Amino acid sequence: MSNYRDIASQGLWKNNPGLVQLLGLCPLLAVTATITNALGLGVATLLVLVGSNILVSLVRDYVPKEIRIPVFVMIIAALVTCVQLLINAYAYNLYLSLGIFLPLIVTNCVIIGRAEAFASRNSLAHSAFDGLMMGLGFTAVLVVLGATRELLGQGTLFDGADLLLGEWASVLTIHVWQVDTPFLLAMLPPGAFIGMGLLIAFKNVIDSNVKARQPKAESVGVTRARITKVS
C-alpha cells in the first residue's frame, strides 16, 4: 500500500506533470479557455496514458532496448487514434473544438516520459496506477486553469458542457456574473501563461509552508572526554 500511496502523491502533487515537470504545456495552455475543453483533453490524455503504461509494461521484456522508443511511440499513436475516433463519433463538436491538439497527444512528453521512466521498469499494476495518477494530476491542472480563465474571461463555468456530455448538459452552465465584453487577456494565450505561473507559485507557497511546519531534526552532539594527566 505504501508504494501505491507514494505513486499517488507523486502523480497528484509532488511530481505533477503540469506543475512540477512542466510537460505537455503546449496543449495545456492552448485549450484551457473553458472547463469543457480542458476536461475533454484531460480525459483523452488520461485514457492514452493509462493504456500506454499498461501495454508498455506488458511488452517491456520482449522489446530490445535499441528500438524501445519507436515501439512506445507506435503504441501511443495507436491509442491516440482510437481515442480520437471515439471522440469524433460521440462528441463531434468537442472534436472540432480541440482541433489539432487531439492528435498531438502522440507527442505529449508526459505520456512518452512515463512509458520510458516508469512503465518500462515496473509491473502491470503499478504502471496502470501510475498512469491513472499522472493522468488525474494533469487533468486537474487543466480543469483548474480552464475554470480560472473561463470565469475571468466570460463569467461562466461549464460553458459548452453539451459538447462533451450531450444536449442535456447545457443546463450545467453556471453564469457567475454578467460580462458584457469578454476579458480577452484571460481568454488568449498570454492569460494562460499568467494563470499557469500563478498556479505554480501557489503550489510552491504551499510546499514551503508545509516544509516550514515540519519538525527539524535535532543534531546530536558528540561529547568528548577530556583526559587530565595526574602526576
# chains A, B, ... in the order shown; residues from 1 in each chain; ligands from 1
>>> residues_around(residues="A:Val83", least_positions_apart="3", cutoff="8 Å", atoms="only C-alpha atoms", output="NGL selection string")
:A and (44 or 47-48 or 79-80 or 86-87)
>>> write_last_selection(atoms="all heavy atoms", output="PDB file, in the first residue's frame")
ATOM      1  N   ALA A  44      -9.026  12.521 -22.443  1.00  0.00           N
ATOM      2  CA  ALA A  44      -8.371  11.839 -23.563  1.00  0.00           C
ATOM      3  C   ALA A  44      -6.926  11.501 -23.219  1.00  0.00           C
ATOM      4  O   ALA A  44      -6.449  10.386 -23.490  1.00  0.00           O
ATOM      5  CB  ALA A  44      -8.428  12.730 -24.810  1.00  0.00           C
ATOM      6  N   LEU A  47      -6.807   8.564 -20.656  1.00  0.00           N
ATOM      7  CA  LEU A  47      -7.049   7.253 -21.264  1.00  0.00           C
ATOM      8  C   LEU A  47      -5.824   6.745 -22.007  1.00  0.00           C
ATOM      9  O   LEU A  47      -5.442   5.570 -21.892  1.00  0.00           O
ATOM     10  CB  LEU A  47      -8.248   7.339 -22.211  1.00  0.00           C
ATOM     11  CG  LEU A  47      -9.609   7.603 -21.566  1.00  0.00           C
ATOM     12  CD1 LEU A  47     -10.679   7.771 -22.644  1.00  0.00           C
ATOM     13  CD2 LEU A  47      -9.989   6.466 -20.622  1.00  0.00           C
ATOM     14  N   VAL A  48      -5.186   7.642 -22.764  1.00  0.00           N
ATOM     15  CA  VAL A  48      -3.993   7.241 -23.505  1.00  0.00           C
ATOM     16  C   VAL A  48      -2.861   6.910 -22.545  1.00  0.00           C
ATOM     17  O   VAL A  48      -2.106   5.948 -22.756  1.00  0.00           O
ATOM     18  CB  VAL A  48      -3.570   8.352 -24.483  1.00  0.00           C
ATOM     19  CG1 VAL A  48      -2.250   8.004 -25.162  1.00  0.00           C
ATOM     20  CG2 VAL A  48      -4.657   8.573 -25.528  1.00  0.00           C
ATOM     21  N   LEU A  79      -3.154   4.181 -29.672  1.00  0.00           N
ATOM     22  CA  LEU A  79      -4.147   4.520 -28.658  1.00  0.00           C
ATOM     23  C   LEU A  79      -4.770   5.888 -28.915  1.00  0.00           C
ATOM     24  O   LEU A  79      -5.980   6.083 -28.740  1.00  0.00           O
ATOM     25  CB  LEU A  79      -3.491   4.492 -27.269  1.00  0.00           C
ATOM     26  CG  LEU A  79      -3.078   3.106 -26.759  1.00  0.00           C
ATOM     27  CD1 LEU A  79      -2.253   3.234 -25.486  1.00  0.00           C
ATOM     28  CD2 LEU A  79      -4.301   2.244 -26.506  1.00  0.00           C
ATOM     29  N   VAL A  80      -3.942   6.857 -29.323  1.00  0.00           N
ATOM     30  CA  VAL A  80      -4.467   8.194 -29.626  1.00  0.00           C
ATOM     31  C   VAL A  80      -5.454   8.131 -30.782  1.00  0.00           C
ATOM     32  O   VAL A  80      -6.487   8.811 -30.777  1.00  0.00           O
ATOM     33  CB  VAL A  80      -3.305   9.166 -29.940  1.00  0.00           C
ATOM     34  CG1 VAL A  80      -3.839  10.475 -30.519  1.00  0.00           C
ATOM     35  CG2 VAL A  80      -2.489   9.433 -28.692  1.00  0.00           C
ATOM     36  N   LEU A  86     -13.132   7.771 -31.192  1.00  0.00           N
ATOM     37  CA  LEU A  86     -14.254   7.732 -30.254  1.00  0.00           C
ATOM     38  C   LEU A  86     -14.843   9.124 -30.021  1.00  0.00           C
ATOM     39  O   LEU A  86     -16.064   9.306 -30.009  1.00  0.00           O
ATOM     40  CB  LEU A  86     -13.795   7.125 -28.920  1.00  0.00           C
ATOM     41  CG  LEU A  86     -13.537   5.622 -28.909  1.00  0.00           C
ATOM     42  CD1 LEU A  86     -12.927   5.190 -27.593  1.00  0.00           C
ATOM     43  CD2 LEU A  86     -14.836   4.856 -29.164  1.00  0.00           C
ATOM     44  N   ILE A  87     -13.956  10.115 -29.824  1.00  0.00           N
ATOM     45  CA  ILE A  87     -14.439  11.482 -29.622  1.00  0.00           C
ATOM     46  C   ILE A  87     -15.114  12.001 -30.886  1.00  0.00           C
ATOM     47  O   ILE A  87     -16.128  12.706 -30.824  1.00  0.00           O
ATOM     48  CB  ILE A  87     -13.272  12.394 -29.195  1.00  0.00           C
ATOM     49  CG1 ILE A  87     -12.728  11.949 -27.835  1.00  0.00           C
ATOM     50  CG2 ILE A  87     -13.699  13.853 -29.136  1.00  0.00           C
ATOM     51  CD1 ILE A  87     -11.541  12.745 -27.355  1.00  0.00           C
TER      52      ILE A  87
END
>>> select_by_dssp(residues="stretch 37-227 of chain A", states="helix (DSSP H, G or I)", output="CSV table (one decimal) with C-alpha atoms, in the first residue's frame")
chain,number,residue,atom,x,y,z
A,37,ASN,CA,-12.2,21.8,-23.5
A,38,ALA,CA,-9.8,21.3,-20.6
A,39,LEU,CA,-11.8,18.3,-19.3
A,40,GLY,CA,-12.1,16.8,-22.7
A,41,LEU,CA,-8.4,16.9,-23.4
A,42,GLY,CA,-7.6,15.8,-19.9
A,43,VAL,CA,-9.8,12.7,-20.1
A,44,ALA,CA,-8.4,11.8,-23.6
A,45,THR,CA,-4.8,12.2,-22.2
A,46,LEU,CA,-5.7,10.1,-19.2
A,47,LEU,CA,-7.0,7.3,-21.3
A,48,VAL,CA,-4.0,7.2,-23.5
A,49,LEU,CA,-1.7,7.5,-20.5
A,50,VAL,CA,-3.2,4.5,-18.7
A,51,GLY,CA,-3.4,2.4,-21.9
A,52,SER,CA,0.2,3.1,-22.9
A,53,ASN,CA,1.5,2.3,-19.5
A,54,ILE,CA,-0.3,-1.0,-19.4
A,55,LEU,CA,0.8,-2.0,-22.9
A,56,VAL,CA,4.4,-0.9,-22.4
A,57,SER,CA,4.6,-2.8,-19.1
A,58,LEU,CA,3.3,-5.9,-20.9
A,59,VAL,CA,5.8,-5.8,-23.7
A,65,LYS,CA,16.4,-1.6,-25.7
A,66,GLU,CA,17.7,-0.2,-29.1
A,67,ILE,CA,14.1,0.1,-30.5
A,68,ARG,CA,12.1,0.7,-27.4
A,69,ILE,CA,11.3,4.4,-28.1
A,70,PRO,CA,9.9,3.8,-31.6
A,71,VAL,CA,7.8,0.9,-30.3
A,72,PHE,CA,6.5,3.1,-27.4
A,73,VAL,CA,5.6,5.8,-29.9
A,74,MET,CA,3.7,3.4,-32.1
A,75,ILE,CA,1.7,2.1,-29.1
A,76,ILE,CA,0.9,5.7,-28.1
A,77,ALA,CA,-0.1,6.6,-31.7
A,78,ALA,CA,-2.4,3.6,-31.9
A,79,LEU,CA,-4.1,4.5,-28.7
A,80,VAL,CA,-4.5,8.2,-29.6
A,81,THR,CA,-6.1,7.2,-32.9
A,82,CYS,CA,-8.6,5.0,-31.0
A,83,VAL,CA,-9.5,7.9,-28.6
A,84,GLN,CA,-9.7,10.4,-31.5
A,85,LEU,CA,-12.1,8.2,-33.4
A,86,LEU,CA,-14.3,7.7,-30.3
A,87,ILE,CA,-14.4,11.5,-29.6
A,88,ASN,CA,-15.2,12.1,-33.3
A,89,ALA,CA,-18.0,9.6,-33.1
A,90,TYR,CA,-19.6,10.5,-29.8
A,92,TYR,CA,-18.0,15.7,-32.6
A,93,ASN,CA,-18.3,19.3,-31.5
A,94,LEU,CA,-15.7,18.7,-28.9
A,95,TYR,CA,-13.6,17.0,-31.5
A,96,LEU,CA,-13.8,20.2,-33.6
A,97,SER,CA,-13.1,22.4,-30.6
A,98,LEU,CA,-9.9,20.5,-29.6
A,99,GLY,CA,-8.7,20.5,-33.2
A,100,ILE,CA,-5.0,19.6,-33.9
A,101,PHE,CA,-4.3,19.3,-30.2
A,103,PRO,CA,-3.8,14.1,-32.4
A,104,LEU,CA,-0.8,15.9,-30.9
A,105,ILE,CA,-1.3,13.9,-27.8
A,106,VAL,CA,1.0,11.4,-29.5
A,107,THR,CA,3.9,13.9,-28.9
A,109,CYS,CA,6.0,14.4,-23.3
A,110,VAL,CA,4.0,13.3,-20.3
A,111,ILE,CA,3.0,10.0,-22.0
A,112,ILE,CA,6.3,9.1,-23.5
A,113,GLY,CA,8.1,10.1,-20.4
A,114,ARG,CA,6.1,7.8,-18.1
A,115,ALA,CA,6.3,5.0,-20.6
A,116,GLU,CA,10.1,5.3,-20.6
A,117,ALA,CA,10.7,6.2,-16.9
A,119,ALA,CA,6.1,1.6,-17.2
A,120,SER,CA,9.1,0.0,-18.9
A,121,ARG,CA,10.6,-0.8,-15.5
A,124,LEU,CA,1.5,-4.0,-14.7
A,125,ALA,CA,-0.5,-3.0,-11.7
A,126,HIS,CA,2.0,-0.3,-10.6
A,127,SER,CA,2.2,1.0,-14.2
A,128,ALA,CA,-1.5,1.2,-14.6
A,129,PHE,CA,-1.9,3.1,-11.3
A,130,ASP,CA,0.9,5.4,-12.2
A,131,GLY,CA,-0.8,6.3,-15.5
A,132,LEU,CA,-4.0,6.9,-13.7
A,133,MET,CA,-2.5,9.2,-11.1
A,134,MET,CA,-0.4,11.1,-13.6
A,135,GLY,CA,-3.4,11.5,-15.8
A,136,LEU,CA,-5.6,12.7,-13.0
A,137,GLY,CA,-2.9,15.2,-11.9
A,138,PHE,CA,-2.6,16.5,-15.4
A,139,THR,CA,-6.4,16.7,-15.8
A,140,ALA,CA,-6.7,18.5,-12.5
A,141,VAL,CA,-4.3,21.2,-13.7
A,142,LEU,CA,-6.2,21.5,-16.9
A,143,VAL,CA,-9.5,21.9,-15.2
A,144,VAL,CA,-8.3,24.4,-12.6
A,145,LEU,CA,-6.6,26.6,-15.3
A,146,GLY,CA,-9.7,26.3,-17.6
A,147,ALA,CA,-12.1,27.2,-14.8
A,148,THR,CA,-10.0,30.2,-13.8
A,149,ARG,CA,-9.7,31.5,-17.4
A,150,GLU,CA,-13.4,30.9,-18.2
A,151,LEU,CA,-14.5,32.6,-15.0
A,152,LEU,CA,-12.4,35.7,-15.5
A,153,GLY,CA,-12.9,35.8,-19.2
A,154,GLN,CA,-16.7,35.4,-19.6
A,162,ASP,CA,-23.1,19.9,-24.1
A,163,LEU,CA,-20.1,19.5,-26.4
A,164,LEU,CA,-18.7,16.8,-24.1
A,165,LEU,CA,-21.8,15.2,-22.5
A,167,GLU,CA,-27.5,18.3,-25.3
A,168,TRP,CA,-28.8,17.6,-21.8
A,169,ALA,CA,-25.6,19.0,-20.3
A,170,SER,CA,-26.5,22.6,-21.5
A,171,VAL,CA,-28.2,23.0,-18.1
A,172,LEU,CA,-24.9,22.6,-16.3
A,184,LEU,CA,-9.6,38.9,-23.7
A,185,LEU,CA,-6.4,38.7,-21.6
A,186,ALA,CA,-7.8,35.7,-19.7
A,187,MET,CA,-9.1,34.0,-22.9
A,189,PRO,CA,-2.6,32.6,-24.7
A,190,PRO,CA,-0.9,35.3,-22.5
A,191,GLY,CA,-3.6,34.8,-19.9
A,192,ALA,CA,-2.8,31.1,-19.9
A,193,PHE,CA,0.8,31.8,-19.2
A,194,ILE,CA,0.0,34.1,-16.4
A,195,GLY,CA,-2.5,31.7,-14.9
A,196,MET,CA,-0.1,28.8,-15.1
A,197,GLY,CA,2.6,30.9,-13.4
A,198,LEU,CA,0.2,31.7,-10.6
A,199,LEU,CA,-0.7,28.0,-10.1
A,200,ILE,CA,3.0,27.0,-9.9
A,201,ALA,CA,3.7,29.9,-7.4
A,202,PHE,CA,0.7,28.8,-5.3
A,203,LYS,CA,1.9,25.2,-5.2
A,204,ASN,CA,5.4,26.4,-4.2
A,205,VAL,CA,4.0,28.5,-1.4
A,206,ILE,CA,2.0,25.5,0.0
A,207,ASP,CA,5.1,23.3,-0.2
A,208,SER,CA,7.2,25.9,1.6
A,209,ASN,CA,4.6,26.3,4.4
A,210,VAL,CA,4.3,22.5,4.8
A,211,LYS,CA,8.1,22.2,4.9
A,212,ALA,CA,8.4,25.0,7.5
A,213,ARG,CA,5.9,23.3,9.8
>>> atom_distance(atom1="atom CA of A:Gly24", atom2="atom CA of A:Gly11")
14.3 Å
>>> atom_distance(atom1="atom CA of A:Arg5", atom2="atom CA of A:Leu28")
26.1 Å
>>> atom_distance(atom1="atom CA of A:Leu157", atom2="atom CA of A:His175")
6.6 Å
>>> closest_residue(among="A:Phe118, A:Gly160, A:Gly155, A:Asn108", to="A:Leu23", atoms="only C-alpha atoms")
A:Asn108
>>> decode(residues="stretch 39-111 of chain A", atoms="C-alpha atoms", output="PDB file, in the first residue's frame")
ATOM      1  CA  LEU A  39     -11.811  18.304 -19.275  1.00  0.00           C
ATOM      2  CA  GLY A  40     -12.146  16.783 -22.740  1.00  0.00           C
ATOM      3  CA  LEU A  41      -8.425  16.934 -23.425  1.00  0.00           C
ATOM      4  CA  GLY A  42      -7.641  15.787 -19.883  1.00  0.00           C
ATOM      5  CA  VAL A  43      -9.820  12.683 -20.139  1.00  0.00           C
ATOM      6  CA  ALA A  44      -8.371  11.839 -23.563  1.00  0.00           C
ATOM      7  CA  THR A  45      -4.822  12.206 -22.221  1.00  0.00           C
ATOM      8  CA  LEU A  46      -5.664  10.114 -19.151  1.00  0.00           C
ATOM      9  CA  LEU A  47      -7.049   7.253 -21.264  1.00  0.00           C
ATOM     10  CA  VAL A  48      -3.993   7.241 -23.505  1.00  0.00           C
ATOM     11  CA  LEU A  49      -1.652   7.462 -20.511  1.00  0.00           C
ATOM     12  CA  VAL A  50      -3.224   4.519 -18.700  1.00  0.00           C
ATOM     13  CA  GLY A  51      -3.427   2.426 -21.878  1.00  0.00           C
ATOM     14  CA  SER A  52       0.152   3.130 -22.933  1.00  0.00           C
ATOM     15  CA  ASN A  53       1.519   2.346 -19.469  1.00  0.00           C
ATOM     16  CA  ILE A  54      -0.332  -0.971 -19.441  1.00  0.00           C
ATOM     17  CA  LEU A  55       0.824  -2.008 -22.917  1.00  0.00           C
ATOM     18  CA  VAL A  56       4.403  -0.863 -22.380  1.00  0.00           C
ATOM     19  CA  SER A  57       4.568  -2.792 -19.114  1.00  0.00           C
ATOM     20  CA  LEU A  58       3.273  -5.913 -20.877  1.00  0.00           C
ATOM     21  CA  VAL A  59       5.816  -5.805 -23.720  1.00  0.00           C
ATOM     22  CA  ARG A  60       8.809  -4.403 -21.818  1.00  0.00           C
ATOM     23  CA  ASP A  61      10.553  -7.776 -21.587  1.00  0.00           C
ATOM     24  CA  TYR A  62      10.123  -8.509 -25.303  1.00  0.00           C
ATOM     25  CA  VAL A  63      11.275  -5.226 -26.856  1.00  0.00           C
ATOM     26  CA  PRO A  64      15.019  -4.710 -27.431  1.00  0.00           C
ATOM     27  CA  LYS A  65      16.384  -1.594 -25.745  1.00  0.00           C
ATOM     28  CA  GLU A  66      17.652  -0.237 -29.065  1.00  0.00           C
ATOM     29  CA  ILE A  67      14.145   0.146 -30.522  1.00  0.00           C
ATOM     30  CA  ARG A  68      12.077   0.695 -27.394  1.00  0.00           C
ATOM     31  CA  ILE A  69      11.316   4.394 -28.077  1.00  0.00           C
ATOM     32  CA  PRO A  70       9.894   3.782 -31.613  1.00  0.00           C
ATOM     33  CA  VAL A  71       7.810   0.908 -30.255  1.00  0.00           C
ATOM     34  CA  PHE A  72       6.483   3.088 -27.433  1.00  0.00           C
ATOM     35  CA  VAL A  73       5.587   5.844 -29.901  1.00  0.00           C
ATOM     36  CA  MET A  74       3.716   3.357 -32.103  1.00  0.00           C
ATOM     37  CA  ILE A  75       1.731   2.111 -29.104  1.00  0.00           C
ATOM     38  CA  ILE A  76       0.863   5.668 -28.084  1.00  0.00           C
ATOM     39  CA  ALA A  77      -0.088   6.614 -31.657  1.00  0.00           C
ATOM     40  CA  ALA A  78      -2.432   3.626 -31.932  1.00  0.00           C
ATOM     41  CA  LEU A  79      -4.147   4.520 -28.658  1.00  0.00           C
ATOM     42  CA  VAL A  80      -4.467   8.194 -29.626  1.00  0.00           C
ATOM     43  CA  THR A  81      -6.076   7.157 -32.919  1.00  0.00           C
ATOM     44  CA  CYS A  82      -8.640   5.049 -31.046  1.00  0.00           C
ATOM     45  CA  VAL A  83      -9.453   7.870 -28.607  1.00  0.00           C
ATOM     46  CA  GLN A  84      -9.652  10.370 -31.465  1.00  0.00           C
ATOM     47  CA  LEU A  85     -12.113   8.187 -33.366  1.00  0.00           C
ATOM     48  CA  LEU A  86     -14.254   7.732 -30.254  1.00  0.00           C
ATOM     49  CA  ILE A  87     -14.439  11.482 -29.622  1.00  0.00           C
ATOM     50  CA  ASN A  88     -15.160  12.065 -33.306  1.00  0.00           C
ATOM     51  CA  ALA A  89     -18.037   9.587 -33.133  1.00  0.00           C
ATOM     52  CA  TYR A  90     -19.630  10.546 -29.811  1.00  0.00           C
ATOM     53  CA  ALA A  91     -18.553  14.179 -29.192  1.00  0.00           C
ATOM     54  CA  TYR A  92     -18.029  15.661 -32.624  1.00  0.00           C
ATOM     55  CA  ASN A  93     -18.330  19.284 -31.530  1.00  0.00           C
ATOM     56  CA  LEU A  94     -15.685  18.730 -28.883  1.00  0.00           C
ATOM     57  CA  TYR A  95     -13.560  17.037 -31.518  1.00  0.00           C
ATOM     58  CA  LEU A  96     -13.778  20.193 -33.636  1.00  0.00           C
ATOM     59  CA  SER A  97     -13.060  22.399 -30.631  1.00  0.00           C
ATOM     60  CA  LEU A  98      -9.894  20.538 -29.622  1.00  0.00           C
ATOM     61  CA  GLY A  99      -8.694  20.501 -33.214  1.00  0.00           C
ATOM     62  CA  ILE A 100      -5.046  19.644 -33.859  1.00  0.00           C
ATOM     63  CA  PHE A 101      -4.273  19.271 -30.155  1.00  0.00           C
ATOM     64  CA  LEU A 102      -6.105  15.952 -30.012  1.00  0.00           C
ATOM     65  CA  PRO A 103      -3.807  14.064 -32.425  1.00  0.00           C
ATOM     66  CA  LEU A 104      -0.840  15.923 -30.922  1.00  0.00           C
ATOM     67  CA  ILE A 105      -1.325  13.857 -27.751  1.00  0.00           C
ATOM     68  CA  VAL A 106       1.041  11.434 -29.512  1.00  0.00           C
ATOM     69  CA  THR A 107       3.897  13.871 -28.938  1.00  0.00           C
ATOM     70  CA  ASN A 108       2.891  14.734 -25.368  1.00  0.00           C
ATOM     71  CA  CYS A 109       6.042  14.399 -23.280  1.00  0.00           C
ATOM     72  CA  VAL A 110       4.005  13.265 -20.263  1.00  0.00           C
ATOM     73  CA  ILE A 111       2.983  10.024 -21.968  1.00  0.00           C
TER      74      ILE A 111
END
